[in-house]
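Chemist: Pasting upload_32.csv here (CSV, C-alpha atoms):
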```csv
chain,number,residue,atom,x,y,z
T,93,MET,CA,0.0,0.0,0.0
T,94,ASN,CA,2.7,2.4,0.9
T,95,GLN,CA,4.1,1.6,-2.5
T,96,THR,CA,0.8,2.4,-4.1
T,97,ILE,CA,0.6,5.7,-2.3
T,98,SER,CA,4.2,6.7,-3.0
T,99,VAL,CA,4.0,5.7,-6.7
T,100,PHE,CA,0.9,7.7,-7.2
T,101,ALA,CA,2.4,10.6,-5.3
T,102,THR,CA,5.5,10.4,-7.6
T,103,MET,CA,3.2,10.3,-10.6
T,104,LEU,CA,1.5,13.4,-9.4
T,105,ALA,CA,4.7,15.2,-8.6
T,106,LEU,CA,6.0,14.4,-12.0
T,107,GLY,CA,3.0,16.0,-13.5
T,108,ALA,CA,1.6,12.6,-14.5
T,109,ALA,CA,3.2,12.8,-17.9
T,110,ALA,CA,0.8,11.2,-20.2
T,111,LEU,CA,-2.3,10.9,-18.1
T,112,GLY,CA,-3.0,14.6,-18.0
T,113,GLN,CA,-1.3,15.7,-21.1
T,114,GLU,CA,-3.1,17.9,-23.5
T,115,PRO,CA,-2.6,17.4,-27.2
T,116,GLY,CA,0.3,19.4,-28.4
T,117,GLN,CA,2.0,19.7,-25.0
T,118,ASP,CA,5.7,19.0,-25.2
T,119,ARG,CA,7.2,16.8,-22.5
T,120,ALA,CA,10.6,15.2,-22.3
T,121,PRO,CA,10.4,11.4,-23.0
T,122,ARG,CA,11.2,9.1,-20.2
T,123,ARG,CA,14.2,6.8,-20.2
T,124,ASP,CA,14.9,3.5,-18.5
T,125,LYS,CA,17.8,1.0,-18.6
T,126,ARG,CA,16.5,-1.3,-21.3
T,127,HIS,CA,15.1,1.2,-23.8
T,128,ALA,CA,16.6,4.5,-24.7
T,129,VAL,CA,13.1,6.1,-24.6
T,130,VAL,CA,10.0,4.7,-22.9
T,131,PRO,CA,7.1,5.5,-25.1
T,132,GLU,CA,4.6,7.8,-23.5
T,133,ALA,CA,1.8,5.2,-23.7
T,134,LEU,CA,3.9,2.7,-21.9
T,135,ALA,CA,4.9,5.2,-19.2
T,136,ALA,CA,1.2,6.0,-18.6
T,137,ALA,CA,0.3,2.3,-18.5
T,138,ARG,CA,3.0,1.7,-15.9
T,139,GLN,CA,1.7,4.5,-13.8
T,140,ARG,CA,-1.8,3.2,-14.0
T,141,ALA,CA,-0.6,-0.3,-13.2
T,142,ALA,CA,1.1,0.9,-10.1
T,143,VAL,CA,-2.0,2.7,-8.8
T,144,HIS,CA,-4.3,-0.2,-9.7
T,145,ASN,CA,-2.2,-3.1,-8.6
T,146,LYS,CA,-2.0,-4.6,-12.1
T,147,ARG,CA,0.6,-5.8,-14.6
T,148,VAL,CA,1.4,-4.2,-17.9
T,149,LEU,CA,0.8,-6.3,-21.0
T,150,VAL,CA,2.9,-4.9,-23.8
T,151,VAL,CA,1.6,-6.0,-27.2
T,152,LEU,CA,4.2,-5.9,-29.9
T,153,TRP,CA,2.3,-5.4,-33.0
T,154,GLN,CA,2.8,-6.9,-36.4
T,155,GLU,CA,1.3,-5.6,-39.6
T,156,GLY,CA,-1.9,-7.4,-40.4
T,157,GLN,CA,-2.4,-8.8,-36.9
T,158,ASP,CA,-4.2,-6.5,-34.5
T,159,LEU,CA,-3.4,-8.6,-31.4
T,160,ALA,CA,-4.7,-5.9,-29.0
T,161,GLN,CA,-8.1,-6.0,-30.7
T,162,MET,CA,-8.1,-9.8,-30.5
T,163,LEU,CA,-7.5,-9.6,-26.8
T,164,LYS,CA,-10.5,-7.3,-26.4
T,165,ARG,CA,-12.8,-9.5,-28.5
T,166,ASP,CA,-11.8,-12.9,-27.0
T,167,ARG,CA,-14.3,-13.8,-24.3
T,168,THR,CA,-11.9,-16.1,-22.5
T,169,VAL,CA,-9.4,-13.3,-21.8
T,170,SER,CA,-11.1,-10.0,-22.3
T,171,ARG,CA,-12.6,-9.5,-18.9
T,172,LYS,CA,-9.8,-11.1,-17.1
T,173,PHE,CA,-7.2,-8.9,-18.9
T,174,LEU,CA,-9.3,-5.8,-18.2
T,175,TYR,CA,-9.0,-6.7,-14.5
T,176,GLU,CA,-5.4,-7.7,-14.4
T,177,PHE,CA,-3.5,-5.8,-17.1
T,178,GLU,CA,-2.9,-2.4,-18.5
T,179,VAL,CA,-2.7,-3.3,-22.1
T,180,VAL,CA,-0.5,-1.2,-24.3
T,181,GLN,CA,0.2,-1.9,-28.0
T,182,LEU,CA,3.5,-0.5,-29.2
T,183,ASP,CA,4.7,0.0,-32.8
T,184,ALA,CA,7.6,-1.6,-34.6
T,185,ASP,CA,10.2,0.7,-33.2
T,186,PHE,CA,9.9,-0.6,-29.6
T,187,ASP,CA,12.5,-3.3,-28.7
T,188,ARG,CA,13.4,-4.6,-32.1
T,189,SER,CA,15.1,-7.6,-30.5
T,190,VAL,CA,11.7,-9.2,-30.0
T,191,GLU,CA,10.2,-11.0,-32.9
T,192,ARG,CA,6.7,-9.9,-33.7
T,193,PRO,CA,3.9,-10.5,-32.9
T,194,ALA,CA,4.7,-10.9,-29.2
T,195,MET,CA,3.5,-9.9,-25.7
T,196,LEU,CA,5.6,-8.9,-22.7
T,197,VAL,CA,4.2,-9.2,-19.2
T,198,GLN,CA,5.9,-6.4,-17.2
T,199,ASP,CA,5.5,-5.2,-13.7
T,200,ALA,CA,4.7,-1.5,-13.0
T,201,GLN,CA,8.4,-0.7,-12.7
T,202,GLY,CA,9.1,-2.1,-16.2
T,203,LYS,CA,10.7,-5.4,-15.3
T,204,THR,CA,9.8,-8.0,-17.9
T,205,MET,CA,8.3,-11.1,-16.2
T,206,ALA,CA,7.4,-13.1,-19.3
T,207,ARG,CA,7.9,-12.9,-23.0
T,208,LEU,CA,5.3,-14.6,-25.1
T,209,ALA,CA,5.6,-15.3,-28.8
T,210,GLY,CA,2.3,-14.2,-30.4
T,211,GLU,CA,2.4,-17.1,-32.9
T,212,ALA,CA,2.1,-19.6,-30.0
T,213,PHE,CA,-1.3,-18.2,-29.2
T,214,LEU,CA,-2.7,-17.8,-32.7
T,215,LYS,CA,-4.2,-20.5,-34.8
T,216,ASP,CA,-5.7,-19.8,-38.3
T,217,GLY,CA,-5.7,-16.1,-37.4
T,218,ALA,CA,-7.7,-16.6,-34.2
T,219,LEU,CA,-6.5,-16.1,-30.7
T,220,ARG,CA,-6.2,-19.2,-28.5
T,221,GLY,CA,-7.5,-17.5,-25.4
T,222,ALA,CA,-7.5,-20.4,-23.0
T,223,GLU,CA,-3.8,-21.1,-23.7
T,224,LEU,CA,-2.9,-17.5,-23.3
T,225,LEU,CA,-4.7,-17.1,-20.1
T,226,ALA,CA,-3.0,-20.2,-18.7
T,227,ALA,CA,0.4,-18.8,-19.7
T,228,VAL,CA,-0.1,-15.4,-18.0
T,229,GLN,CA,-2.2,-16.0,-14.9
T,230,ALA,CA,0.8,-16.9,-12.7
T,231,HIS,CA,2.0,-13.4,-13.2
T,232,PHE,CA,-1.2,-11.6,-12.0
T,233,CYS,CA,-0.8,-9.3,-9.0
T,234,ALA,CA,-1.9,-10.7,-5.7
T,235,PRO,CA,-5.0,-8.9,-4.5
T,236,LEU,CA,-4.5,-6.1,-1.9
T,237,ASP,CA,-6.5,-5.8,1.2
T,238,ALA,CA,-8.6,-2.6,1.2
T,239,GLU,CA,-8.6,-2.5,5.0
T,240,LYS,CA,-4.8,-2.5,5.1
T,241,LYS,CA,-4.7,0.1,2.3
T,242,LEU,CA,-7.0,2.3,4.4
T,243,GLN,CA,-4.9,1.8,7.5
T,244,ALA,CA,-1.7,2.7,5.6
T,245,ALA,CA,-3.3,5.8,4.2
T,246,MET,CA,-4.4,6.8,7.7
T,247,VAL,CA,-0.8,6.5,8.9
T,248,ALA,CA,0.4,8.6,6.0
T,249,ALA,CA,-2.3,11.2,6.6
T,250,LYS,CA,-1.4,11.5,10.3
T,251,LYS,CA,2.2,11.9,9.5
T,252,SER,CA,1.7,14.5,6.8
T,253,GLY,CA,-1.3,16.4,8.3
T,254,LYS,CA,-3.4,15.7,5.2
T,255,ASN,CA,-6.9,14.3,4.7
T,256,ILE,CA,-7.5,11.2,2.6
T,257,LEU,CA,-9.4,11.2,-0.6
T,258,ILE,CA,-10.7,7.7,-1.2
T,259,ARG,CA,-11.8,6.8,-4.7
T,260,PHE,CA,-13.9,3.7,-4.9
T,261,ASP,CA,-13.7,2.3,-8.4
T,262,ALA,CA,-13.7,-0.9,-10.4
T,263,PRO,CA,-11.9,-2.0,-13.6
T,264,TRP,CA,-15.1,-2.1,-15.7
R,40,MET,CA,-11.5,10.0,-15.6
R,41,LEU,CA,-11.1,11.4,-12.1
R,42,GLU,CA,-7.7,9.8,-11.8
R,43,GLU,CA,-6.7,11.3,-15.1
R,44,PHE,CA,-7.8,14.7,-14.0
R,45,LEU,CA,-6.0,14.4,-10.6
R,46,GLY,CA,-2.8,13.6,-12.5
R,47,ARG,CA,-2.8,16.7,-14.7
R,48,ALA,CA,0.2,18.9,-14.5
R,49,VAL,CA,-1.6,21.9,-12.8
R,50,THR,CA,-3.7,19.9,-10.4
R,51,ALA,CA,-1.4,17.0,-9.4
R,52,PRO,CA,1.1,19.0,-7.2
R,53,ILE,CA,-1.7,20.8,-5.4
R,54,TYR,CA,-3.6,17.6,-4.8
R,55,ASP,CA,-0.5,15.9,-3.6
R,56,LYS,CA,0.2,18.7,-1.2
R,57,GLY,CA,-3.2,18.5,0.4
R,58,TRP,CA,-4.5,15.0,0.3
R,59,VAL,CA,-3.4,11.4,0.6
R,60,ASP,CA,-4.8,9.6,-2.5
R,61,LEU,CA,-6.3,6.2,-1.9
R,62,MET,CA,-7.9,4.1,-4.6
R,63,ILE,CA,-9.9,1.1,-3.5
R,64,ASP,CA,-11.0,-1.3,-6.2
R,65,VAL,CA,-14.3,-2.7,-5.0
R,66,ASP,CA,-14.0,-5.8,-7.3
R,67,ARG,CA,-10.4,-6.7,-6.9
R,68,ASP,CA,-9.3,-5.6,-3.5
R,69,THR,CA,-10.0,-7.9,-0.7
R,70,SER,CA,-12.6,-6.2,1.5
R,71,GLY,CA,-13.0,-3.5,-1.1
R,72,LYS,CA,-16.8,-4.0,-1.3
R,73,ALA,CA,-17.1,-4.0,2.5
R,74,VAL,CA,-15.1,-0.8,3.0
R,75,ASN,CA,-17.2,0.9,0.2
R,76,GLU,CA,-20.4,-0.2,1.9
R,77,ARG,CA,-19.2,0.9,5.3
R,78,TYR,CA,-18.6,4.4,4.1
R,79,LYS,CA,-21.4,4.7,1.5
R,80,GLY,CA,-24.2,3.1,3.4
R,81,ALA,CA,-27.5,3.7,1.7
R,82,ARG,CA,-26.5,6.7,-0.3
R,83,ARG,CA,-27.1,6.9,-4.0
R,84,GLY,CA,-24.7,6.5,-6.9
R,85,GLY,CA,-22.5,4.0,-8.6
R,86,LEU,CA,-18.8,4.1,-9.2
R,87,PRO,CA,-16.6,6.0,-8.9
R,88,TRP,CA,-17.8,7.1,-5.5
R,89,VAL,CA,-15.5,9.4,-3.5
R,90,VAL,CA,-15.3,10.2,0.2
R,91,ILE,CA,-12.8,12.4,1.9
R,92,VAL,CA,-11.9,11.3,5.4
R,93,GLY,CA,-9.7,12.7,8.1
R,94,PRO,CA,-6.5,11.0,9.3
R,95,ASP,CA,-8.7,9.1,11.8
R,96,GLY,CA,-10.8,7.7,9.0
R,97,ALA,CA,-13.9,9.7,9.9
R,98,GLU,CA,-15.9,11.0,7.0
R,99,LEU,CA,-15.6,14.7,6.2
R,100,ILE,CA,-17.5,14.9,2.9
R,101,SER,CA,-18.6,12.6,0.1
R,102,SER,CA,-19.3,12.9,-3.7
R,103,ASN,CA,-23.0,12.9,-3.0
R,104,ALA,CA,-23.7,16.6,-3.7
R,105,GLN,CA,-25.2,18.8,-1.0
R,106,THR,CA,-27.1,21.3,-3.1
R,107,ASP,CA,-30.5,23.0,-2.8
R,108,ASP,CA,-31.7,21.8,-6.1
R,109,LYS,CA,-32.6,18.6,-8.1
R,110,ASN,CA,-29.0,17.4,-7.9
R,111,ASN,CA,-29.0,17.2,-4.1
R,112,GLY,CA,-27.8,13.7,-3.0
R,113,LYS,CA,-26.6,12.7,-6.5
R,114,ASN,CA,-23.1,11.2,-6.8
R,115,VAL,CA,-20.8,13.4,-8.9
R,116,GLY,CA,-18.7,10.4,-9.8
R,117,GLY,CA,-16.1,11.4,-12.3
R,118,PRO,CA,-17.1,15.1,-12.5
R,119,VAL,CA,-17.9,16.5,-15.9
R,120,SER,CA,-21.1,18.6,-15.8
R,121,ASP,CA,-21.2,22.1,-14.3
R,122,TRP,CA,-22.8,21.0,-11.0
R,123,GLU,CA,-20.6,17.9,-10.7
R,124,CYS,CA,-17.4,20.0,-11.1
R,125,ALA,CA,-18.7,22.6,-8.7
R,126,TRP,CA,-19.4,20.0,-6.0
R,127,PHE,CA,-16.0,18.2,-6.5
R,128,VAL,CA,-14.2,21.5,-6.1
R,129,GLU,CA,-16.3,22.3,-3.0
R,130,MET,CA,-15.2,18.9,-1.6
R,131,LEU,CA,-11.6,19.9,-1.9
R,132,ARG,CA,-12.3,23.4,-0.6
R,133,ARG,CA,-14.0,22.1,2.6
R,134,THR,CA,-11.3,19.6,3.3
R,135,ARG,CA,-8.2,21.5,2.4
R,136,SER,CA,-5.7,22.0,5.1
R,137,ASP,CA,-3.6,25.1,5.5
R,138,LYS,CA,-1.1,23.5,3.1
R,139,VAL,CA,-3.4,24.4,0.3
R,140,THR,CA,-4.6,28.0,-0.4
R,141,GLU,CA,-7.9,29.2,-1.7
R,142,ALA,CA,-5.9,30.5,-4.7
R,143,GLU,CA,-4.8,26.9,-5.4
R,144,ILE,CA,-8.3,25.6,-5.1
R,145,LYS,CA,-9.3,28.2,-7.7
R,146,LYS,CA,-6.5,26.9,-9.9
R,147,VAL,CA,-7.8,23.4,-9.6
R,148,ALA,CA,-11.3,24.6,-10.4
R,149,LYS,CA,-10.1,26.3,-13.6
R,150,ASP,CA,-8.1,23.2,-14.5
R,151,LEU,CA,-11.2,21.0,-14.0
R,152,GLU,CA,-13.2,23.3,-16.2
R,153,ALA,CA,-10.6,23.0,-18.9
R,154,TYR,CA,-10.5,19.2,-18.5
R,155,ALA,CA,-14.3,18.7,-18.4
R,156,THR,CA,-15.5,21.1,-21.0
R,157,PRO,CA,-14.6,19.0,-24.1
R,158,ARG,CA,-16.1,16.0,-22.4
R,159,ARG,CA,-19.6,17.5,-21.8
R,160,ARG,CA,-22.5,16.3,-23.9
R,161,ARG,CA,-23.5,19.0,-26.4
```
Once you've parsed the file, please lay out its structure as structure tokens.
Modeler:
Amino acid sequence: MNQTISVFATMLALGAAALGQEPGQDRAPRRDKRHAVVPEALAAARQRAAVHNKRVLVVLWQEGQDLAQMLKRDRTVSRKFLYEFEVVQLDADFDRSVERPAMLVQDAQGKTMARLAGEAFLKDGALRGAELLAAVQAHFCAPLDAEKKLQAAMVAAKKSGKNILIRFDAPW
Amino acid sequence: MLEEFLGRAVTAPIYDKGWVDLMIDVDRDTSGKAVNERYKGARRGGLPWVVIVGPDGAELISSNAQTDDKNNGKNVGGPVSDWECAWFVEMLRRTRSDKVTEAEIKKVAKDLEAYATPRRRR
């Protein structure tokens, strides 16, 4: 929980790069160890994943195969992925070392937990949802306890002299 | 939508200065539903639903608007319309500590107006 609060605070302090950005605003791109520049959409997905206790599913796109759309349409994975992942589809320039199509399961800090070859989950142009779900579910975040989150927020509020704004929400 | 607004460049530093942010997922967090029900009780509205509490956890104000018109009691949710934005800003105004000035609340209000205007139904 402390991590959730501090990550969100960091996000706010940084101006929440992509989340609140107006079209045309110019911001310096982020960098990390693995990639010279972290695409804005990926940075935003990581921030949301940190706040919502999710993983990031990076979909590495290949021309002619809209894998991200397939994930949305497949009934086996669509709802589960909505709950467990921030899905971000990146173009061909991101991480050329990975053969397309592919999916990367990353944590909110950008650490890759699994690399999945897209071809392994496609058959005759259709997604094999059950196999994909089986391959990724070990990487889902463990659920957090709302009572413990509240207690941690109260400790943070006492320490800082702030009140707590509680946002009750759901993935849908 | 609310999270996106609170992360905007103008609002984020002011919000961070004045409030601890806590997101509770009623579907995914263990006890999320129970905590939501404990605070919300029988009040109207779906999600998102917002409550601002003191450091002791006691409620100070909620997103169920307190107005003298037809909107009284309605949940502002992710504020977009005029009255929703007005109530959300009022929530912040009434719960701001001395770390946040009235001038900063006005900045947030202006930023919310800029954010919400293109999202309003025409």
Chemist: Which is closer to Glu191 of chain T than all the others in T:Gln139, T:Gln161, T:Gln154, T:Ser170, using all atoms listed in the file?
Modeler: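 Counting all atoms listed in the file, the residue closest to Glu191 of chain T is T:Gln154.
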Chemist: Neighbours of Leu257 of chain T within 9 Å (all atoms listed in the file; same-chain residues fewer than 2 positions away dropped), as a list in words?
Modeler: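 The residues satisfying every condition are Asn255 and Arg259 of chain T; Trp58, Val59, Asp60, Leu61, Met62, Val89, Val90, Ile91, Val92 and Gly93 of chain R.
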Chemist: Sorted by chain and rising residue number, which residues of segment 72-140 of chain R lie within 12 Å of segment 227-242 of chain T, and what are their closest atom pairs and distances in Å to one decimal, counting only C-alpha atoms, as JSON lines?
Modeler:
```
{"residue": "R:Lys72", "atom": "CA", "partner": "T:Ala238", "partner_atom": "CA", "distance": 8.7}
{"residue": "R:Ala73", "atom": "CA", "partner": "T:Ala238", "partner_atom": "CA", "distance": 8.7}
{"residue": "R:Val74", "atom": "CA", "partner": "T:Ala238", "partner_atom": "CA", "distance": 7.0}
{"residue": "R:Asn75", "atom": "CA", "partner": "T:Ala238", "partner_atom": "CA", "distance": 9.3}
{"residue": "R:Arg77", "atom": "CA", "partner": "T:Glu239", "partner_atom": "CA", "distance": 11.1}
{"residue": "R:Tyr78", "atom": "CA", "partner": "T:Leu242", "partner_atom": "CA", "distance": 11.8}
{"residue": "R:Ile91", "atom": "CA", "partner": "T:Leu242", "partner_atom": "CA", "distance": 11.9}
{"residue": "R:Val92", "atom": "CA", "partner": "T:Leu242", "partner_atom": "CA", "distance": 10.3}
{"residue": "R:Gly93", "atom": "CA", "partner": "T:Leu242", "partner_atom": "CA", "distance": 11.4}
{"residue": "R:Pro94", "atom": "CA", "partner": "T:Leu242", "partner_atom": "CA", "distance": 10.0}
{"residue": "R:Asp95", "atom": "CA", "partner": "T:Leu242", "partner_atom": "CA", "distance": 10.2}
{"residue": "R:Gly96", "atom": "CA", "partner": "T:Leu242", "partner_atom": "CA", "distance": 8.0}
{"residue": "R:Ala97", "atom": "CA", "partner": "T:Leu242", "partner_atom": "CA", "distance": 11.5}
```
Chemist: Separation of atom CA of Pro118 of chain R and atom CA of Leu151 of chain R, in Å?
Modeler: 8.5 Å
Chemist: When you count all atoms listed in the file, which of these residues is closest to chain R: T:Lys250, T:Gln157, T:Trp264, T:Ser189?
Modeler: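 Result for the nearest residue to chain R: T:Lys250.
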Chemist: Find the residues with any atom within 12 Å of (-8.8, 26.6, -9.3); use only C-alpha atoms and the coordinates as given in the file, and write the answer as a PyMOL selection string.
Modeler: chain R and resi 49-50+53-54+124-125+127-129+131-132+139-154
Chemist: Measure the distance from atom CA of Asp166 of chain T to atom CA of Val143 of chain T in Å and round it to one decimal.
Modeler: 25.9 Å
Chemist: So how many Å separate atom CA of Ala160 of chain T and atom CA of Phe177 of chain T, to one decimal?
Modeler: 12.0 Å
